[in-house]
$ cat data_34.cif   # mmCIF, C-alpha atoms and all ligand atoms
data_final
#
loop_
_atom_site.label_atom_id
_atom_site.label_comp_id
_atom_site.auth_asym_id
_atom_site.auth_seq_id
_atom_site.Cartn_x
_atom_site.Cartn_y
_atom_site.Cartn_z
CA MET A 295 78.05 141.16 88.12
CA SER A 296 80.34 139.89 90.75
CA ASP A 297 83.82 141.31 91.07
CA ASP A 298 85.40 138.13 92.39
CA LYS A 299 84.45 136.08 89.31
CA PRO A 300 86.03 137.77 86.29
CA HIS A 301 85.06 135.52 83.39
CA ALA A 302 87.46 136.98 80.87
CA ALA A 303 90.72 135.20 81.63
CA GLY A 304 92.37 138.10 79.86
CA ASN A 305 95.62 137.56 81.68
CA ILE A 306 96.48 134.71 79.32
CA ASP A 307 97.83 136.04 76.04
CA ALA A 308 96.23 135.02 72.76
CA GLY A 309 97.91 131.89 71.44
CA ASP A 310 99.81 131.22 74.69
CA THR A 311 99.92 127.44 75.11
CA SER A 312 101.95 127.48 78.32
CA GLU A 313 98.85 128.18 80.38
CA ARG A 314 95.30 126.89 80.38
CA VAL A 315 92.16 128.94 80.76
CA GLY A 316 90.56 125.67 81.89
CA MET A 317 92.76 125.90 84.98
CA ALA A 318 92.67 129.68 85.39
CA VAL A 319 88.87 129.68 85.69
CA LEU A 320 89.10 127.27 88.62
CA ARG A 321 91.66 129.45 90.36
CA GLU A 322 89.43 132.47 89.80
CA ARG A 323 86.64 130.63 91.57
CA GLY A 324 88.75 129.75 94.56
CA LEU A 325 89.67 126.15 93.70
CA ASP A 326 93.37 125.39 93.44
CA PRO A 327 93.65 123.30 90.24
CA GLU A 328 96.94 121.74 91.36
CA GLU A 329 95.46 120.61 94.65
CA LEU A 330 92.45 119.15 92.85
CA ARG A 331 94.69 117.39 90.36
CA GLU A 332 96.73 115.75 93.13
CA LYS A 333 93.54 114.59 94.80
CA LEU A 334 92.29 113.14 91.50
CA LEU A 335 95.56 111.26 91.03
CA ASP A 336 95.19 109.76 94.52
CA ALA A 337 91.61 108.81 93.77
CA ILE A 338 92.28 107.15 90.42
CA GLY A 339 95.31 105.44 91.94
CA ALA A 340 92.83 103.78 94.28
CA GLU A 341 90.53 102.86 91.38
CA PHE A 342 93.45 101.28 89.59
CA THR A 343 94.77 99.30 92.57
CA THR A 344 91.26 98.19 93.39
CA TYR A 345 90.80 96.94 89.83
CA TYR A 346 93.92 94.83 90.34
CA TYR A 347 93.09 93.54 93.81
CA TYR A 348 89.48 92.73 92.90
CA THR A 349 90.81 90.49 90.14
CA ASN A 350 92.54 88.42 92.78
CA LEU A 351 89.65 88.49 95.25
CA ARG A 352 87.18 87.46 92.56
CA MET A 353 89.23 84.46 91.51
CA HIS A 354 89.22 83.19 95.05
CA LEU A 355 85.42 83.23 95.32
CA ALA A 356 85.50 79.88 93.49
CA GLY A 357 82.19 78.09 93.80
CA HIS A 358 80.29 81.28 94.64
CA GLU A 359 79.41 82.09 91.05
CA ASP A 360 76.88 84.74 92.05
CA TYR A 361 79.46 86.58 94.17
CA LYS A 362 81.94 86.34 91.32
CA GLU A 363 79.53 88.02 88.91
CA ILE A 364 78.91 90.94 91.23
CA THR A 365 82.60 91.32 92.00
CA GLU A 366 83.29 91.32 88.28
CA ASP A 367 80.90 94.25 87.79
CA ALA A 368 82.55 96.19 90.61
CA ARG A 369 86.02 95.33 89.30
CA LEU A 370 85.38 96.46 85.72
CA GLU A 371 83.60 99.58 86.87
CA ASP A 372 86.66 100.60 88.86
CA ARG A 373 88.67 100.42 85.66
CA ALA A 374 86.01 102.60 84.02
CA HIS A 375 86.39 105.08 86.91
CA PHE A 376 90.13 105.22 86.36
CA GLU A 377 89.66 105.80 82.65
CA LEU A 378 86.97 108.42 83.12
CA VAL A 379 89.14 110.68 85.26
CA ALA A 380 92.65 110.04 83.86
CA PRO A 381 92.08 112.56 81.02
CA ARG A 382 91.03 115.18 83.56
CA VAL A 383 94.44 114.90 85.25
CA TYR A 384 96.09 115.90 81.97
CA GLU A 385 93.65 118.74 81.40
CA LEU A 386 94.71 120.06 84.78
CA GLY A 387 98.35 120.04 83.72
CA GLY A 388 99.28 116.75 85.36
CA SER A 389 100.25 113.29 84.20
CA LEU A 390 100.21 109.71 85.39
CA PRO A 391 103.30 108.77 87.40
CA ASN A 392 105.98 107.04 85.37
CA ASP A 393 106.39 104.32 87.99
CA ILE A 394 103.29 102.25 88.77
CA ARG A 395 104.65 101.77 92.31
CA ASP A 396 104.33 105.51 92.90
CA PHE A 397 100.78 105.38 91.61
CA ALA A 398 99.88 102.56 94.00
CA ASP A 399 101.68 104.19 96.96
CA ARG A 400 99.67 107.36 96.68
CA ALA A 401 96.27 105.69 96.17
CA SER A 402 93.76 107.24 98.55
CA CYS A 403 92.31 103.88 99.60
CA PRO A 404 94.00 100.83 101.11
CA ASP A 405 95.14 97.90 99.02
CA ALA A 406 92.18 95.50 98.90
CA GLU A 407 94.42 92.56 99.71
CA MET A 408 93.41 88.96 100.16
CA PRO A 409 92.40 88.51 103.80
CA VAL A 410 94.81 85.62 104.44
CA PRO A 411 98.60 85.53 104.77
CA TYR A 412 100.71 85.00 101.69
CA GLU A 413 103.57 82.58 102.29
CA THR A 414 106.20 81.16 99.94
CA GLU A 415 103.72 78.47 98.86
CA GLY A 416 101.08 81.09 98.04
CA PHE A 417 97.99 82.13 99.95
CA GLU A 418 96.94 80.20 103.04
CA LEU A 419 93.74 79.08 101.37
CA ASP A 420 92.61 76.85 104.25
CA GLU A 421 91.83 79.97 106.23
CA LEU A 422 90.04 81.76 103.39
CA THR A 423 86.27 82.28 103.49
CA ALA A 424 83.82 84.04 101.19
CA GLU A 425 82.75 86.07 104.20
CA SER A 426 86.22 87.51 104.71
CA ILE A 427 86.54 88.40 101.01
CA LEU A 428 83.15 90.14 101.03
CA GLU A 429 84.28 92.19 104.02
CA VAL A 430 87.34 93.43 102.14
CA LEU A 431 85.16 94.29 99.14
CA LEU A 432 82.67 96.17 101.29
CA GLU A 433 85.29 98.28 103.03
CA ALA A 434 86.95 99.10 99.70
CA GLU A 435 83.64 100.43 98.37
CA ARG A 436 83.14 102.49 101.51
CA CYS A 437 86.51 104.12 101.06
CA ALA A 438 85.63 104.94 97.44
CA ILE A 439 82.37 106.55 98.53
CA ARG A 440 84.25 108.78 100.97
CA THR A 441 86.86 109.79 98.39
CA TRP A 442 84.40 110.69 95.64
CA SER A 443 82.19 112.52 98.12
CA GLU A 444 85.21 114.62 99.10
CA ILE A 445 85.85 115.41 95.45
CA CYS A 446 82.19 116.31 94.91
CA ASP A 447 82.46 118.71 97.88
CA MET A 448 85.62 120.31 96.48
CA THR A 449 84.20 120.85 93.01
CA GLN A 450 80.49 121.51 93.51
CA GLY A 451 79.51 124.88 92.05
CA VAL A 452 83.10 125.58 90.96
CA ASP A 453 84.25 122.93 88.50
CA PRO A 454 81.27 121.41 86.68
CA ARG A 455 83.42 119.07 84.58
CA THR A 456 85.15 117.33 87.48
CA TYR A 457 81.97 117.43 89.53
CA ASP A 458 80.07 115.66 86.77
CA MET A 459 82.66 112.89 86.66
CA ALA A 460 82.86 112.54 90.45
CA GLN A 461 79.11 112.39 90.93
CA ARG A 462 78.78 109.69 88.26
CA ILE A 463 81.43 107.59 89.95
CA LEU A 464 79.97 108.24 93.39
CA GLN A 465 76.59 106.94 92.23
CA GLU A 466 78.15 103.67 91.14
CA GLU A 467 80.20 103.35 94.33
CA VAL A 468 77.00 103.69 96.35
CA GLU A 469 75.55 100.86 94.29
CA HIS A 470 78.64 98.75 94.87
CA GLU A 471 78.38 99.21 98.62
CA ALA A 472 74.74 98.10 98.48
CA TRP A 473 75.68 94.94 96.59
CA PHE A 474 78.25 93.90 99.15
CA VAL A 475 76.02 94.81 102.08
CA GLU A 476 73.45 92.42 100.60
CA LEU A 477 75.91 89.59 99.97
CA LEU A 478 77.76 89.89 103.28
CA SER A 479 74.54 90.14 105.29
CA MET A 480 73.38 86.81 103.92
CA GLU A 481 76.77 85.07 103.89
CA ARG A 482 77.77 86.07 107.39
CA ASP A 483 74.50 86.64 109.27
CA GLY A 484 71.87 84.77 107.21
CA GLU A 485 70.08 88.10 106.95
CA ILE A 486 68.09 89.38 103.97
CA ASN A 487 69.26 92.92 103.29
CA PRO A 488 68.44 93.68 99.64
CA ALA A 489 70.49 96.07 97.51
CA GLY A 490 67.28 96.63 95.60
CA HIS A 491 68.98 96.85 92.22
CA PHE A 492 68.36 95.33 88.82
CA VAL A 493 71.05 93.52 86.91
CA ARG A 494 73.67 95.41 84.86
CA GLY A 495 73.20 95.32 81.06
CA GLU A 496 76.54 93.61 80.52
CA PRO A 497 79.33 92.75 82.97
CA GLY A 498 80.92 95.92 84.32
CA ASP A 499 78.53 98.08 82.34
CA ALA A 500 79.43 101.26 84.28
CA PRO A 501 76.13 102.76 83.11
CA LEU A 502 77.00 106.27 84.30
CA SER A 503 80.75 106.40 84.12
CA THR A 504 81.89 104.84 80.85
CA ASN A 505 83.90 107.47 79.05
CA ARG A 506 82.86 106.78 75.48
CA ARG A 507 79.17 106.69 76.32
CA PHE A 508 78.89 110.40 77.02
CA ASN A 509 82.30 111.81 76.25
CA ASP A 510 83.62 110.69 72.87
CA SER A 511 86.47 113.16 72.97
CA ALA A 512 88.34 111.73 75.92
CA MET B 46 80.01 94.51 131.27
CA THR B 47 81.97 97.56 132.24
CA GLU B 48 81.29 100.84 130.48
CA PRO B 49 84.06 101.94 128.08
CA ALA B 50 86.34 104.55 129.61
CA THR B 51 86.00 108.13 128.37
CA TRP B 52 88.89 110.56 127.91
CA THR B 53 89.04 114.31 127.55
CA VAL B 54 90.52 115.39 124.22
CA GLU B 55 91.60 118.92 123.42
CA LEU B 56 91.83 119.77 119.72
CA ARG B 57 93.96 122.77 118.82
CA VAL B 58 93.05 124.05 115.36
CA PRO B 59 95.82 125.99 113.58
CA ASP B 60 95.09 129.57 112.45
CA GLU B 61 95.46 128.70 108.79
CA ALA B 62 93.12 125.67 108.89
CA ASP B 63 90.08 125.76 106.64
CA LEU B 64 87.69 125.17 109.57
CA ASP B 65 85.25 127.32 111.50
CA ALA B 66 87.29 126.69 114.61
CA ALA B 67 90.56 127.95 113.04
CA GLY B 68 92.84 129.48 115.65
CA GLU B 69 90.74 128.06 118.49
CA SER B 70 90.83 125.06 120.73
CA ARG B 71 87.90 122.69 121.34
CA THR B 72 87.55 120.10 124.04
CA LEU B 73 85.41 116.99 123.84
CA GLU B 74 84.89 113.64 125.50
CA VAL B 75 85.95 110.58 123.47
CA ARG B 76 85.23 106.97 124.45
CA GLU B 77 88.12 104.54 124.31
CA ASP B 78 86.27 102.53 121.62
CA GLN B 79 85.63 105.58 119.46
CA SER B 80 87.87 107.30 116.94
CA ILE B 81 88.87 110.89 117.61
CA LEU B 82 87.56 111.89 114.17
CA ALA B 83 84.12 110.36 114.72
CA ALA B 84 83.82 112.06 118.10
CA ALA B 85 84.95 115.41 116.70
CA ARG B 86 82.55 115.22 113.76
CA SER B 87 79.62 114.32 115.99
CA ALA B 88 80.54 117.35 118.10
CA GLY B 89 80.27 119.47 114.93
CA ILE B 90 84.02 119.88 114.32
CA TRP B 91 84.44 118.84 110.70
CA LEU B 92 88.07 117.70 110.71
CA SER B 93 89.47 116.77 107.29
CA ALA B 94 89.37 113.08 106.38
CA ASP B 95 89.12 110.84 103.36
CA CYS B 96 89.54 107.04 103.59
CA GLN B 97 88.70 106.76 107.31
CA GLN B 98 90.69 103.54 107.38
CA GLY B 99 94.05 104.84 108.56
CA TRP B 100 95.66 104.83 105.13
CA CYS B 101 95.59 108.15 103.25
CA ILE B 102 96.80 110.48 106.10
CA THR B 103 94.31 113.26 105.25
CA CYS B 104 93.21 113.23 108.91
CA ALA B 105 96.71 113.57 110.43
CA ALA B 106 97.23 115.35 113.75
CA LYS B 107 100.15 115.96 116.06
CA LEU B 108 100.08 114.52 119.56
CA LEU B 109 101.07 117.14 122.13
CA GLU B 110 100.08 115.12 125.20
CA GLY B 111 98.75 111.62 125.88
CA GLU B 112 98.56 108.20 124.30
CA VAL B 113 96.65 107.00 121.21
CA ASP B 114 95.94 103.44 120.01
CA HIS B 115 96.40 102.89 116.27
CA SER B 116 95.68 99.17 116.02
CA ASN B 117 92.92 99.79 113.44
CA ALA B 118 95.19 101.71 111.06
CA LYS B 119 95.93 100.21 107.64
CA ARG B 120 99.20 102.11 107.26
CA TYR B 121 100.90 103.57 110.32
CA TYR B 122 104.66 103.36 110.84
CA PRO B 123 106.83 103.27 113.97
CA SER B 124 108.46 106.46 112.66
CA ASP B 125 105.03 108.17 112.73
CA ASP B 126 104.60 107.13 116.31
CA GLU B 127 108.08 108.30 117.30
CA ALA B 128 107.42 111.72 115.77
CA GLY B 129 104.03 111.94 117.54
CA PHE B 130 101.75 111.81 114.50
CA VAL B 131 98.19 110.60 114.95
CA LEU B 132 95.64 109.39 112.40
CA THR B 133 92.45 110.67 113.96
CA CYS B 134 90.14 108.55 111.77
CA VAL B 135 91.24 105.34 113.48
CA GLY B 136 93.11 106.65 116.54
CA GLN B 137 91.42 105.88 119.86
CA PRO B 138 92.38 107.61 123.11
CA ARG B 139 94.15 105.69 125.85
CA SER B 140 94.51 108.77 128.09
CA ASP B 141 93.47 112.41 128.10
CA LEU B 142 94.87 114.03 124.96
CA VAL B 143 96.00 117.32 123.52
CA LEU B 144 96.21 117.27 119.71
CA GLU B 145 97.08 119.79 117.03
CA VAL B 146 94.80 118.87 114.15
CA GLU B 147 94.97 119.36 110.34
CA GLN B 148 98.57 118.19 109.99
CA TYR B 149 98.38 116.49 106.57
CA ASP B 150 101.19 118.52 104.98
CA GLU B 151 103.45 117.90 107.96
CA LEU B 152 102.89 114.15 107.98
CA LEU B 153 103.28 113.98 104.20
CA ARG B 154 106.70 115.65 104.54
CA HIS B 155 107.64 113.38 107.42
CA ARG B 156 106.72 110.30 105.41
CA ALA B 157 108.78 111.56 102.46
CA GLU B 158 111.78 112.11 104.74
CA HIS B 159 111.47 108.51 105.95
CA ASP B 160 110.99 107.13 102.43
CA LYS B 161 107.44 106.03 103.24
CA PRO B 162 104.21 106.34 101.21
CA PRO B 163 102.46 108.46 100.21
CA GLY B 164 105.07 111.13 100.97
CA ARG B 165 107.84 109.50 98.95
CA SER B 166 105.69 109.27 95.83
CA LYS B 167 104.03 112.69 96.14
CA LEU B 168 107.02 114.77 97.20
CA GLY B 169 109.89 112.40 96.35
S1 LIG C 1 91.19 109.68 106.72
FE1 LIG C 1 92.62 108.46 105.64
S2 LIG C 1 94.09 108.03 107.20
FE2 LIG C 1 92.53 109.03 108.26
FE FE C 2 85.40 102.82 91.70
FE FE C 3 83.48 100.48 93.57
#

$ encode --input "data_34.cif" --output "structure tokens"
Amino acid sequence: MSDDKPHAAGNIDAGDTSERVGMAVLRERGLDPEELREKLLDAIGAEFTTYYYYTNLRMHLAGHEDYKEITEDARLEDRAHFELVAPRVYELGGSLPNDIRDFADRASCPDAEMPVPYETEGFELDELTAESILEVLLEAERCAIRTWSEICDMTQGVDPRTYDMAQRILQEEVEHEAWFVELLSMERDGEINPAGHFVRGEPGDAPLSTNRRFNDSA
Amino acid sequence: MTEPATWTVELRVPDEADLDAAGESRTLEVREDQSILAAARSAGIWLSADCQQGWCITCAAKLLEGEVDHSNAKRYYPSDDEAGFVLTCVGQPRSDLVLEVEQYDELLRHRAEHDKPPGRSKLG
């Protein structure tokens, strides 16, 4: 029996709904639930903005139907990542910001903007190449890998529920990076650099991270 | 081809930092084409970071002496520069440096005071 891990959260009175044992147990194990919650909000802010920006990037891959399909998978899976973790924010006593601008501002990864200037007439499409879009996509995936790895580090051995979510997302982000490494290698350098993956079951399948598939309650 | 210049960078780690080197100072050599974070991590000093693209400010530090190039940062404001904040994940040395590392909370507050993200949305 270890003294620093008292399982009975007996300091919360029976029937008290102002506190959560689900948070107290994290504190008892040395993880600050508020700090984790803020980090999760930043991370799902990035999933949400990425979902938006990928919509725009994908549309501008006109004529590269294969790239569009892959980008569609990555795009929809980012929405799945947002939806997987949003309930966890509430369980940890938080909520989504009221103003979507606040949510985007605090996203832990950069806006995956179109890689050409936007003028009054719209995007400067003459300067746009598939290569430059693939580069934006690749760097966005790399940021996501770093974020979810950080969250895995924070929660490993302390918060199995968040860890389970983060590791599922991380696995898909690693796949996304591999897809864009493959596509960019060929598009830019004429190099064969296989991702080594099989096709998703349906577009944006999110095989590991779709909420309803393993977590009907959320 | 000339070799990239190398600068001497002193990292002062605050007492309360969650790092092995807390309360100590470490000195390393950083090439001008290398980020301070990458050099520190390869020297075994695991400074905090997240995006590594000069956006999230997890890697913030305070510049005590020297000059840092931030041209690779995705989000770095003139007000950050004026107050001497550095994003170590993209910051490259342009002189010998002395930095106080692990300054996320400080930069977050500074951003909030200047109505800049993510401070304004997280503390605002
Ligand atoms: S790690 Fe995100 S700004 Fe440096
Ligand atoms: Fe994602
Ligand atoms: Fe992704």

$ interface_residues --input "data_34.cif" --of "chain A" --to "chain B" --cutoff "9 Å" --atoms "only C-alpha atoms" --output "PyMOL selection string"
chain A and resi 332+336+391+395-405+433+436-441+443-444

$ atom_distance --input "data_34.cif" --atom1 "CA of Tyr345 (chain A)" --atom2 "CA of Asp420 (chain A)"
24.8 Å

$ residues_around --input "data_34.cif" --residues "Pro501 (chain A)" --least-positions-apart "5" --cutoff "12 Å" --atoms "all atoms listed in the file" --output "JSON, numbers by chain"
{"A": [367, 368, 370, 371, 374, 375, 462, 463, 465, 466, 467, 469, 493, 494, 495, 496, 506, 507, 508]}

$ closest_residue --input "data_34.cif" --among "B:Pro123, B:Gly136, B:Val146, B:Val58" --to "ligand LIG 1 (chain C)" --atoms "only C-alpha atoms and all ligand atoms"
B:Gly136

$ atom_distance --input "data_34.cif" --atom1 "CA of Leu422 (chain A)" --atom2 "CA of Val135 (chain B)"
25.7 Å

$ atom_distance --input "data_34.cif" --atom1 "CA of Glu55 (chain B)" --atom2 "CA of Val75 (chain B)"
10.1 Å

$ closest_residue --input "data_34.cif" --among "A:Leu320, A:Leu478, A:Val379, A:Ile486" --to "Ala424 (chain A)" --atoms "only C-alpha atoms"
A:Leu478

$ axis_aligned_box --input "data_34.cif" --around "region 391-408 of chain A" --padding-each-side "6 Å" --output "lines of an AutoDock Vina configuration file"
center_x = 99.3
center_y = 98.9
center_z = 93.2
size_x = 26.2
size_y = 31.8
size_z = 27.7

$ closest_residue --input "data_34.cif" --among "A:Glu385, A:Gly339, A:Met480, A:Asp499" --to "Glu366 (chain A)" --atoms "all atoms listed in the file"
A:Asp499

$ residues_around --input "data_34.cif" --residues "Ala62 (chain B)" --least-positions-apart "4" --cutoff "12 Å" --atoms "all atoms listed in the file" --output "list in words"
Arg57, Val58, Ala66, Ala67, Gly68, Glu69, Trp91, Leu92, Ser93, Glu145, Val146, Glu147, Gln148, Tyr149 and Asp150 of chain B

$ residues_around --input "data_34.cif" --residues "Arg331 (chain A)" --least-positions-apart "3" --cutoff "10 Å" --atoms "only C-alpha atoms" --output "PDB file with C-alpha atoms, in the frame of the given file"
ATOM      1  CA  ASP A 326      93.370 125.390  93.440  1.00  0.00           C
ATOM      2  CA  PRO A 327      93.650 123.300  90.240  1.00  0.00           C
ATOM      3  CA  GLU A 328      96.940 121.740  91.360  1.00  0.00           C
ATOM      4  CA  LEU A 334      92.290 113.140  91.500  1.00  0.00           C
ATOM      5  CA  LEU A 335      95.560 111.260  91.030  1.00  0.00           C
ATOM      6  CA  ASP A 336      95.190 109.760  94.520  1.00  0.00           C
ATOM      7  CA  ALA A 337      91.610 108.810  93.770  1.00  0.00           C
ATOM      8  CA  ARG A 382      91.030 115.180  83.560  1.00  0.00           C
ATOM      9  CA  VAL A 383      94.440 114.900  85.250  1.00  0.00           C
ATOM     10  CA  TYR A 384      96.090 115.900  81.970  1.00  0.00           C
ATOM     11  CA  GLU A 385      93.650 118.740  81.400  1.00  0.00           C
ATOM     12  CA  LEU A 386      94.710 120.060  84.780  1.00  0.00           C
ATOM     13  CA  GLY A 387      98.350 120.040  83.720  1.00  0.00           C
ATOM     14  CA  GLY A 388      99.280 116.750  85.360  1.00  0.00           C
ATOM     15  CA  SER A 389     100.250 113.290  84.200  1.00  0.00           C
ATOM     16  CA  THR A 456      85.150 117.330  87.480  1.00  0.00           C
TER      17      THR A 456
END

$ residues_near_point --input "data_34.cif" --point "(90.1, 104.8, 131.0)" --cutoff "8 Å" --atoms "only C-alpha atoms" --output "list in words"
Pro49, Ala50, Thr51, Trp52, Glu77, Arg139 and Ser140 of chain B

$ closest_residue --input "data_34.cif" --among "A:Ile306, A:Leu432, A:Val319, A:Met448" --to "ligand FE 2 (chain C)" --atoms "only C-alpha atoms and all ligand atoms"
A:Leu432

$ residues_around --input "data_34.cif" --residues "Cys446 (chain A)" --least-positions-apart "4" --cutoff "9 Å" --atoms "all atoms listed in the file" --output "PyMOL selection string"
chain A and resi 441-442+450+456-461+464

$ residues_around --input "data_34.cif" --residues "Leu56 (chain B)" --least-positions-apart "3" --cutoff "9 Å" --atoms "all atoms listed in the file" --output "ChimeraX atom specification"
/B:69-73,85,142-146

$ closest_residue --input "data_34.cif" --among "A:Asn487, A:Ser479, A:Thr423, A:Ser503" --to "ligand FE 2 (chain C)" --atoms "only C-alpha atoms and all ligand atoms"
A:Ser503

$ decode --input "data_34.cif" --residues "region 139-147 of chain B" --atoms "all heavy atoms" --output "PDB file, in the first residue's frame"
ATOM      1  N   ARG B 139      22.104  34.766 -32.999  1.00  0.00           N
ATOM      2  CA  ARG B 139      22.872  35.654 -33.866  1.00  0.00           C
ATOM      3  C   ARG B 139      24.027  36.286 -33.086  1.00  0.00           C
ATOM      4  O   ARG B 139      24.687  37.206 -33.572  1.00  0.00           O
ATOM      5  CB  ARG B 139      21.967  36.750 -34.452  1.00  0.00           C
ATOM      6  CG  ARG B 139      20.949  36.190 -35.448  1.00  0.00           C
ATOM      7  CD  ARG B 139      21.623  35.669 -36.724  1.00  0.00           C
ATOM      8  NE  ARG B 139      20.683  35.014 -37.629  1.00  0.00           N
ATOM      9  CZ  ARG B 139      20.458  33.694 -37.651  1.00  0.00           C
ATOM     10  NH1 ARG B 139      21.093  32.887 -36.820  1.00  0.00           N
ATOM     11  NH2 ARG B 139      19.603  33.172 -38.513  1.00  0.00           N
ATOM     12  N   SER B 140      24.239  35.795 -31.867  1.00  0.00           N
ATOM     13  CA  SER B 140      25.346  36.251 -31.015  1.00  0.00           C
ATOM     14  C   SER B 140      25.415  35.246 -29.860  1.00  0.00           C
ATOM     15  O   SER B 140      24.565  34.357 -29.782  1.00  0.00           O
ATOM     16  CB  SER B 140      25.065  37.654 -30.467  1.00  0.00           C
ATOM     17  OG  SER B 140      24.029  37.598 -29.507  1.00  0.00           O
ATOM     18  N   ASP B 141      26.392  35.397 -28.982  1.00  0.00           N
ATOM     19  CA  ASP B 141      26.350  34.625 -27.742  1.00  0.00           C
ATOM     20  C   ASP B 141      25.122  35.061 -26.962  1.00  0.00           C
ATOM     21  O   ASP B 141      24.716  36.223 -27.037  1.00  0.00           O
ATOM     22  CB  ASP B 141      27.618  34.886 -26.907  1.00  0.00           C
ATOM     23  CG  ASP B 141      28.856  34.263 -27.561  1.00  0.00           C
ATOM     24  OD1 ASP B 141      28.694  33.368 -28.422  1.00  0.00           O
ATOM     25  OD2 ASP B 141      29.983  34.676 -27.202  1.00  0.00           O
ATOM     26  N   LEU B 142      24.529  34.100 -26.220  1.00  0.00           N
ATOM     27  CA  LEU B 142      23.256  34.394 -25.553  1.00  0.00           C
ATOM     28  C   LEU B 142      23.263  33.981 -24.089  1.00  0.00           C
ATOM     29  O   LEU B 142      23.915  33.000 -23.731  1.00  0.00           O
ATOM     30  CB  LEU B 142      22.107  33.613 -26.216  1.00  0.00           C
ATOM     31  CG  LEU B 142      21.836  33.756 -27.703  1.00  0.00           C
ATOM     32  CD1 LEU B 142      20.702  32.795 -28.102  1.00  0.00           C
ATOM     33  CD2 LEU B 142      21.467  35.181 -28.057  1.00  0.00           C
ATOM     34  N   VAL B 143      22.483  34.703 -23.312  1.00  0.00           N
ATOM     35  CA  VAL B 143      22.106  34.240 -21.975  1.00  0.00           C
ATOM     36  C   VAL B 143      20.576  34.263 -21.928  1.00  0.00           C
ATOM     37  O   VAL B 143      19.956  35.291 -22.213  1.00  0.00           O
ATOM     38  CB  VAL B 143      22.674  35.142 -20.853  1.00  0.00           C
ATOM     39  CG1 VAL B 143      22.278  34.579 -19.480  1.00  0.00           C
ATOM     40  CG2 VAL B 143      24.193  35.255 -20.976  1.00  0.00           C
ATOM     41  N   LEU B 144      19.981  33.105 -21.617  1.00  0.00           N
ATOM     42  CA  LEU B 144      18.517  32.988 -21.616  1.00  0.00           C
ATOM     43  C   LEU B 144      18.032  32.429 -20.293  1.00  0.00           C
ATOM     44  O   LEU B 144      18.661  31.519 -19.733  1.00  0.00           O
ATOM     45  CB  LEU B 144      18.063  32.004 -22.704  1.00  0.00           C
ATOM     46  CG  LEU B 144      18.291  32.329 -24.167  1.00  0.00           C
ATOM     47  CD1 LEU B 144      17.929  31.108 -25.010  1.00  0.00           C
ATOM     48  CD2 LEU B 144      17.443  33.514 -24.582  1.00  0.00           C
ATOM     49  N   GLU B 145      16.894  32.938 -19.833  1.00  0.00           N
ATOM     50  CA  GLU B 145      16.191  32.285 -18.732  1.00  0.00           C
ATOM     51  C   GLU B 145      15.066  31.475 -19.370  1.00  0.00           C
ATOM     52  O   GLU B 145      14.199  32.041 -20.045  1.00  0.00           O
ATOM     53  CB  GLU B 145      15.633  33.330 -17.760  1.00  0.00           C
ATOM     54  CG  GLU B 145      15.051  32.686 -16.530  1.00  0.00           C
ATOM     55  CD  GLU B 145      14.525  33.697 -15.529  1.00  0.00           C
ATOM     56  OE1 GLU B 145      14.273  34.854 -15.912  1.00  0.00           O
ATOM     57  OE2 GLU B 145      14.359  33.308 -14.363  1.00  0.00           O
ATOM     58  N   VAL B 146      15.108  30.169 -19.185  1.00  0.00           N
ATOM     59  CA  VAL B 146      14.177  29.291 -19.905  1.00  0.00           C
ATOM     60  C   VAL B 146      12.916  29.032 -19.079  1.00  0.00           C
ATOM     61  O   VAL B 146      12.800  29.479 -17.938  1.00  0.00           O
ATOM     62  CB  VAL B 146      14.872  27.958 -20.304  1.00  0.00           C
ATOM     63  CG1 VAL B 146      15.991  28.232 -21.288  1.00  0.00           C
ATOM     64  CG2 VAL B 146      15.369  27.213 -19.072  1.00  0.00           C
ATOM     65  N   GLU B 147      11.958  28.299 -19.685  1.00  0.00           N
ATOM     66  CA  GLU B 147      10.699  27.898 -19.043  1.00  0.00           C
ATOM     67  C   GLU B 147       9.873  29.120 -18.614  1.00  0.00           C
ATOM     68  O   GLU B 147       9.460  29.236 -17.466  1.00  0.00           O
ATOM     69  CB  GLU B 147      10.983  26.960 -17.853  1.00  0.00           C
ATOM     70  CG  GLU B 147      11.782  25.709 -18.216  1.00  0.00           C
ATOM     71  CD  GLU B 147      11.026  24.734 -19.130  1.00  0.00           C
ATOM     72  OE1 GLU B 147       9.952  24.246 -18.756  1.00  0.00           O
ATOM     73  OE2 GLU B 147      11.523  24.488 -20.239  1.00  0.00           O
TER      74      GLU B 147
END
